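Participant: The file below is run_9.txt, compact mmCIF, C-alpha atoms:
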```txt
# COMPACT_ATOMS: atom_id res chain seq x y z
CA GLY A 1 12.88 7.94 -11.31
CA ARG A 2 10.54 7.05 -8.42
CA GLU A 3 7.37 7.23 -10.51
CA ASP A 4 8.84 5.05 -13.25
CA GLU A 5 9.87 2.47 -10.65
CA LEU A 6 6.43 2.49 -9.01
CA ARG A 7 4.79 2.14 -12.44
CA ARG A 8 6.73 -1.10 -13.06
CA VAL A 9 5.28 -2.89 -9.99
CA THR A 10 1.84 -4.24 -10.85
CA ARG A 11 -0.94 -5.00 -8.41
CA TYR A 12 -2.86 -8.23 -7.81
CA SER A 13 -0.13 -10.42 -9.26
CA ILE A 14 -1.82 -13.58 -7.95
CA TYR A 15 -4.49 -13.10 -10.62
CA SER A 16 -3.36 -14.03 -14.10
CA VAL A 17 -6.34 -12.19 -15.59
CA MET A 18 -7.02 -8.60 -14.60
CA PHE A 19 -8.88 -6.37 -17.04
CA TYR A 20 -7.86 -3.06 -15.45
CA ARG A 21 -4.52 -3.92 -13.86
CA THR A 22 -3.08 -1.07 -11.86
CA ASN A 23 0.41 -0.46 -10.61
CA LEU A 24 1.91 1.02 -7.45
CA LEU A 25 2.08 4.51 -8.96
CA THR A 26 -1.65 4.58 -9.67
CA HIS A 27 -2.48 3.04 -6.30
CA SER A 28 -0.18 5.39 -4.35
CA LYS A 29 -1.71 8.40 -6.05
CA HIS A 30 -5.21 7.15 -5.25
CA VAL A 31 -4.31 6.66 -1.59
CA GLY A 32 -2.60 10.05 -1.33
CA TRP A 33 -5.50 11.83 -2.99
CA MET A 34 -8.13 10.12 -0.83
CA VAL A 35 -6.18 10.84 2.37
CA ASN A 36 -5.90 14.46 1.24
CA GLU A 37 -9.70 14.59 0.91
CA ILE A 38 -10.45 13.16 4.35
CA ALA A 39 -7.56 14.82 6.24
CA PRO A 40 -9.57 17.99 7.04
CA PHE A 41 -12.32 15.86 8.60
CA ALA A 42 -9.78 13.87 10.62
CA GLU A 43 -8.13 17.12 11.77
CA GLN A 44 -11.51 18.47 12.81
CA GLU A 45 -12.35 15.27 14.69
CA PHE A 46 -8.96 14.59 16.30
CA GLY A 47 -7.56 18.12 16.58
CA SER A 48 -3.83 18.45 17.07
CA SER A 49 -3.56 14.67 17.59
CA PHE A 50 -3.81 14.22 13.82
CA ASP A 51 -1.17 15.57 11.42
CA GLY A 52 -2.92 15.85 8.06
CA LYS A 53 0.23 16.79 6.16
CA LYS A 54 2.04 13.72 7.47
CA ALA A 55 -0.93 11.50 6.62
CA VAL A 56 -1.09 12.77 3.03
CA LEU A 57 2.64 12.28 2.46
CA LEU A 58 2.41 8.86 4.06
CA GLY A 59 -0.41 8.00 1.67
CA PHE A 60 1.70 8.90 -1.35
CA VAL A 61 4.81 6.95 -0.24
CA HIS A 62 3.31 4.07 1.78
CA ASP A 63 4.27 1.42 -0.81
CA ASP A 64 7.61 2.82 -1.99
CA ALA A 65 9.57 -0.03 -0.38
CA GLU A 66 7.71 -2.43 -2.68
CA ILE A 67 9.81 -1.02 -5.54
CA ILE A 68 12.55 -3.24 -4.10
CA PHE A 69 10.72 -6.35 -2.88
CA GLY A 70 7.47 -6.32 -4.86
CA ASP A 71 3.81 -6.22 -3.94
CA ILE A 72 3.09 -9.02 -1.46
CA GLN A 73 -0.59 -9.87 -1.76
CA ALA A 74 -2.74 -9.32 1.34
CA GLY A 75 -4.44 -12.66 0.70
CA ASN A 76 -1.08 -14.42 0.78
CA LYS A 77 -0.10 -12.60 3.98
CA SER A 78 -3.34 -13.76 5.59
CA LYS A 79 -2.19 -17.36 5.12
CA MET A 80 1.50 -16.95 5.98
CA SER A 81 3.10 -18.40 9.10
CA GLU A 82 4.64 -16.14 11.73
CA GLU A 83 8.08 -17.00 10.36
CA GLU A 84 7.07 -16.09 6.80
CA LEU A 85 5.58 -12.81 8.00
CA ARG A 86 8.80 -12.00 9.86
CA LYS A 87 10.74 -12.61 6.63
CA VAL A 88 8.41 -10.26 4.74
CA GLU A 89 8.84 -7.63 7.46
CA GLN A 90 12.64 -7.99 7.31
CA ALA A 91 12.56 -7.73 3.50
CA GLU A 92 10.56 -4.53 3.85
CA LEU A 93 13.01 -3.10 6.40
CA ASN A 94 15.93 -3.95 4.09
CA ALA A 95 14.08 -2.34 1.18
CA ILE A 96 13.47 0.82 3.22
CA GLU A 97 17.19 1.06 3.96
CA GLU A 98 17.96 0.80 0.25
CA ILE A 99 15.16 2.95 -1.15
CA SER A 100 15.66 5.76 1.36
CA LYS A 101 19.16 6.27 -0.08
CA ARG A 102 17.79 6.78 -3.62
CA TYR A 103 15.46 9.68 -3.03
CA PRO A 104 15.56 13.01 -1.17
CA MET A 105 16.10 12.69 2.55
CA HIS A 106 13.11 14.90 3.34
CA LEU A 107 9.59 15.45 2.07
CA GLY A 108 8.60 18.78 3.52
CA ASN A 109 9.34 18.61 7.23
CA TYR A 110 9.40 14.81 7.31
CA ALA A 111 12.29 12.41 6.86
CA TYR A 112 11.51 10.12 3.92
CA LYS A 113 12.89 7.08 5.75
CA TYR A 114 10.73 7.89 8.79
CA LEU A 115 7.62 7.99 6.56
CA LEU A 116 8.50 4.61 5.04
CA LEU A 117 9.02 3.07 8.48
CA SER A 118 5.78 4.65 9.66
CA ALA A 119 3.93 3.06 6.71
CA MET A 120 4.75 -0.38 8.15
CA LYS A 121 2.81 0.33 11.34
CA THR A 122 -0.75 1.01 12.41
CA GLU A 123 -0.08 2.71 15.72
CA THR A 124 -0.71 6.44 15.11
CA LEU A 125 -3.92 8.00 13.85
CA GLU A 126 -2.18 8.93 10.60
CA GLU A 127 -0.98 5.36 10.05
CA LYS A 128 -4.45 3.98 10.77
CA VAL A 129 -6.14 6.38 8.35
CA VAL A 130 -3.64 5.57 5.59
CA LYS A 131 -3.97 1.81 6.21
CA TYR A 132 -7.76 2.10 5.99
CA ILE A 133 -7.62 4.10 2.76
CA ASP A 134 -5.02 1.66 1.36
CA LYS A 135 -7.45 -1.23 1.90
CA PHE A 136 -10.38 0.84 0.65
CA ASP A 137 -8.59 1.54 -2.65
CA ALA A 138 -7.62 -2.12 -3.05
CA PHE A 139 -11.26 -3.08 -2.45
CA GLY A 140 -12.31 -0.56 -5.11
CA GLU A 141 -9.85 -2.08 -7.58
CA ALA A 142 -11.29 -5.54 -6.94
CA LEU A 143 -14.88 -4.31 -7.32
CA HIS A 144 -13.91 -2.59 -10.57
CA GLU A 145 -12.73 -5.95 -11.89
CA ILE A 146 -15.86 -7.78 -10.78
CA TYR A 147 -18.27 -5.17 -12.15
CA GLY A 148 -16.14 -5.03 -15.30
CA GLY A 149 -17.02 -8.69 -15.85
CA ASN A 150 -13.88 -10.38 -14.52
CA THR A 151 -15.27 -13.43 -12.72
CA VAL A 152 -11.73 -14.47 -11.72
CA PHE A 153 -11.88 -11.86 -8.96
CA ALA A 154 -14.93 -13.56 -7.46
CA THR A 155 -13.17 -16.92 -7.12
CA ASN A 156 -10.53 -18.05 -4.67
CA VAL A 157 -6.95 -18.48 -5.80
CA ILE A 158 -5.24 -21.62 -4.56
CA ASN A 159 -1.47 -21.35 -4.33
CA GLU A 160 1.44 -22.40 -2.11
CA TYR A 161 -0.25 -20.69 0.87
CA GLY A 162 -3.56 -22.51 0.41
CA LYS A 163 -6.98 -21.16 -0.47
CA ILE A 164 -6.65 -17.38 -0.62
CA PRO A 165 -9.69 -15.28 0.31
CA THR A 166 -11.13 -13.18 -2.52
CA PRO A 167 -10.20 -9.46 -2.43
CA THR A 168 -13.79 -8.54 -1.70
```
What does this structure look like when you write it as structure tokens?
Facilitator:
Amino acid sequence: GREDELRRVTRYSIYSVMFYRTNLLTHSKHVGWMVNEIAPFAEQEFGSSFDGKKAVLLGFVHDDAEIIFGDIQAGNKSKMSEEELRKVEQAELNAIEEISKRYPMHLGNYAYKYLLLSAMKTETLEEKVVKYIDKFDAFGEALHEIYGGNTVFATNVINEYGKIPTPT
């Protein structure tokens, strides 16, 4: 049921018009596949300090908690207060507790819950690589909209957090 649940959470919800709207399933697959492609280069560069298998799994599951609490837009987060960001973090921790009970406890040699908690951070090399690829895919989605003729993606959204930077 995980894939069906990820498919139901759409991306870029702050934009009412999106020509090629993706969902968390598509995005998670993109991130996992891209991490899989660059993992050998990271392993070559960083040696035993980089766990390519962990990074790939992390790429595939990095947004699973959003099944519970939704996709919080990066632009909104950039405008949130410290208190609002703490609430988002707590919501994500609560979601990880819930979602980790739904699916297998382990993915290969890794605890599923550990991977979800790891996805919240940018401390290890694996977390940093996945975070970079996550942003890279989001940027690609935004460029796809712009080059597809969606001028909405080239304008700022103004919402309860203020003037949100464009995804590009």
Participant: List as a list in words the protein and nucleic acid residues near range 115-119 of chain A, meaning an atom at most 9 Å away when all atoms listed in the file are counted, but skip any in the same chain fewer than 3 places from it.
Facilitator: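 Listing them by chain and then by number gives Lys54, Leu57, Leu58, Gly59, Val61, His62, Asp63, Asp64, Ala65, Leu93, Ile96, Ser100, Leu107, Tyr110, Ala111, Tyr112, Thr122, Glu123, Thr124, Glu127, Val130 and Lys131 of chain A.
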Participant: Rank nothing, just name the residue among A:Ile133, A:Asn109, A:Val35, A:Gln73 nearest to Tyr15 in chain A, using all atoms listed in the file.
Facilitator: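 Using all atoms listed in the file, Tyr15 in chain A sits closest to A:Gln73.
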Participant: Please list as a compact mmCIF listing (two decimals) with C-alpha atoms, in the frame of the given file every residue within 9 Å of Ser78 in chain A, counting only C-alpha atoms and excluding residues in the same chain fewer than 5 positions away.
Facilitator:
```
# COMPACT_ATOMS: atom_id res chain seq x y z
CA GLN A 73 -0.59 -9.87 -1.76
CA TYR A 161 -0.25 -20.69 0.87
CA ILE A 164 -6.65 -17.38 -0.62
CA PRO A 165 -9.69 -15.28 0.31
```
Participant: Using only C-alpha atoms, pick whichever of A:Ala95, A:Gly70, A:Thr168, A:Phe60 has the shortest atom-to-atom distance to Lys135 in chain A.
Facilitator: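 Under the stated criterion, the closest residue is A:Thr168.
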Participant: Under the rule that all atoms listed in the file are counted, which of A:Phe41, A:Trp33, A:Phe153, A:Tyr103 is the nearest residue to Asp134 in chain A?
Facilitator: A:Trp33
Participant: Between A:Tyr20, A:Gly1, A:Val129, A:Ala91, which one has atoms that come closest to Asn36 in chain A, using all atoms listed in the file?
Facilitator: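 Ranking A:Tyr20, A:Gly1, A:Val129, A:Ala91 by distance to Asn36 in chain A, first place goes to A:Val129.
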Participant: Quick one: everything within 9 Å of Ala154 in chain A, counting all atoms listed in the file, minus sequence neighbours fewer than 3 positions away in the same chain. Send it as number ranges by chain.
Facilitator: A: 142, 146, 150-151, 166-168
Participant: With C-alpha atoms kept, could you save the residues just selected as a short mmCIF file (atom, residue, chain, number, x, y, z; two decimals), in the coordinates of the input?
Facilitator:
```cif
data_model
loop_
_atom_site.label_atom_id
_atom_site.label_comp_id
_atom_site.auth_asym_id
_atom_site.auth_seq_id
_atom_site.Cartn_x
_atom_site.Cartn_y
_atom_site.Cartn_z
CA ALA A 142 -11.29 -5.54 -6.94
CA ILE A 146 -15.86 -7.78 -10.78
CA ASN A 150 -13.88 -10.38 -14.52
CA THR A 151 -15.27 -13.43 -12.72
CA THR A 166 -11.13 -13.18 -2.52
CA PRO A 167 -10.20 -9.46 -2.43
CA THR A 168 -13.79 -8.54 -1.70
#
```
Participant: With only C-alpha atoms as the basis for distance, which of A:Leu24, A:Val56, A:Val152, A:Ile14 is at the shortest distance from Asn76 in chain A?
Facilitator: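 Using only C-alpha atoms, the shortest distance to Asn76 in chain A belongs to A:Ile14.
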Participant: Counting all atoms listed in the file, which residue out of A:Thr155, A:Thr22, A:Ser13, A:Gln44 sits closest to Ala74 in chain A?
Facilitator: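 Closest residue, counting all atoms listed in the file: A:Ser13.
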Participant: To one decimal in Å, tell me the separation between CA of Glu5 in chain A and CA of Leu25 in chain A.
Facilitator: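 For CA of Glu5 in chain A relative to CA of Leu25 in chain A, the distance reads 8.2 Å.
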Participant: To one decimal place in Å, what is the distance between CA of Tyr147 in chain A and CA of Phe19 in chain A?
Facilitator: 10.7 Å
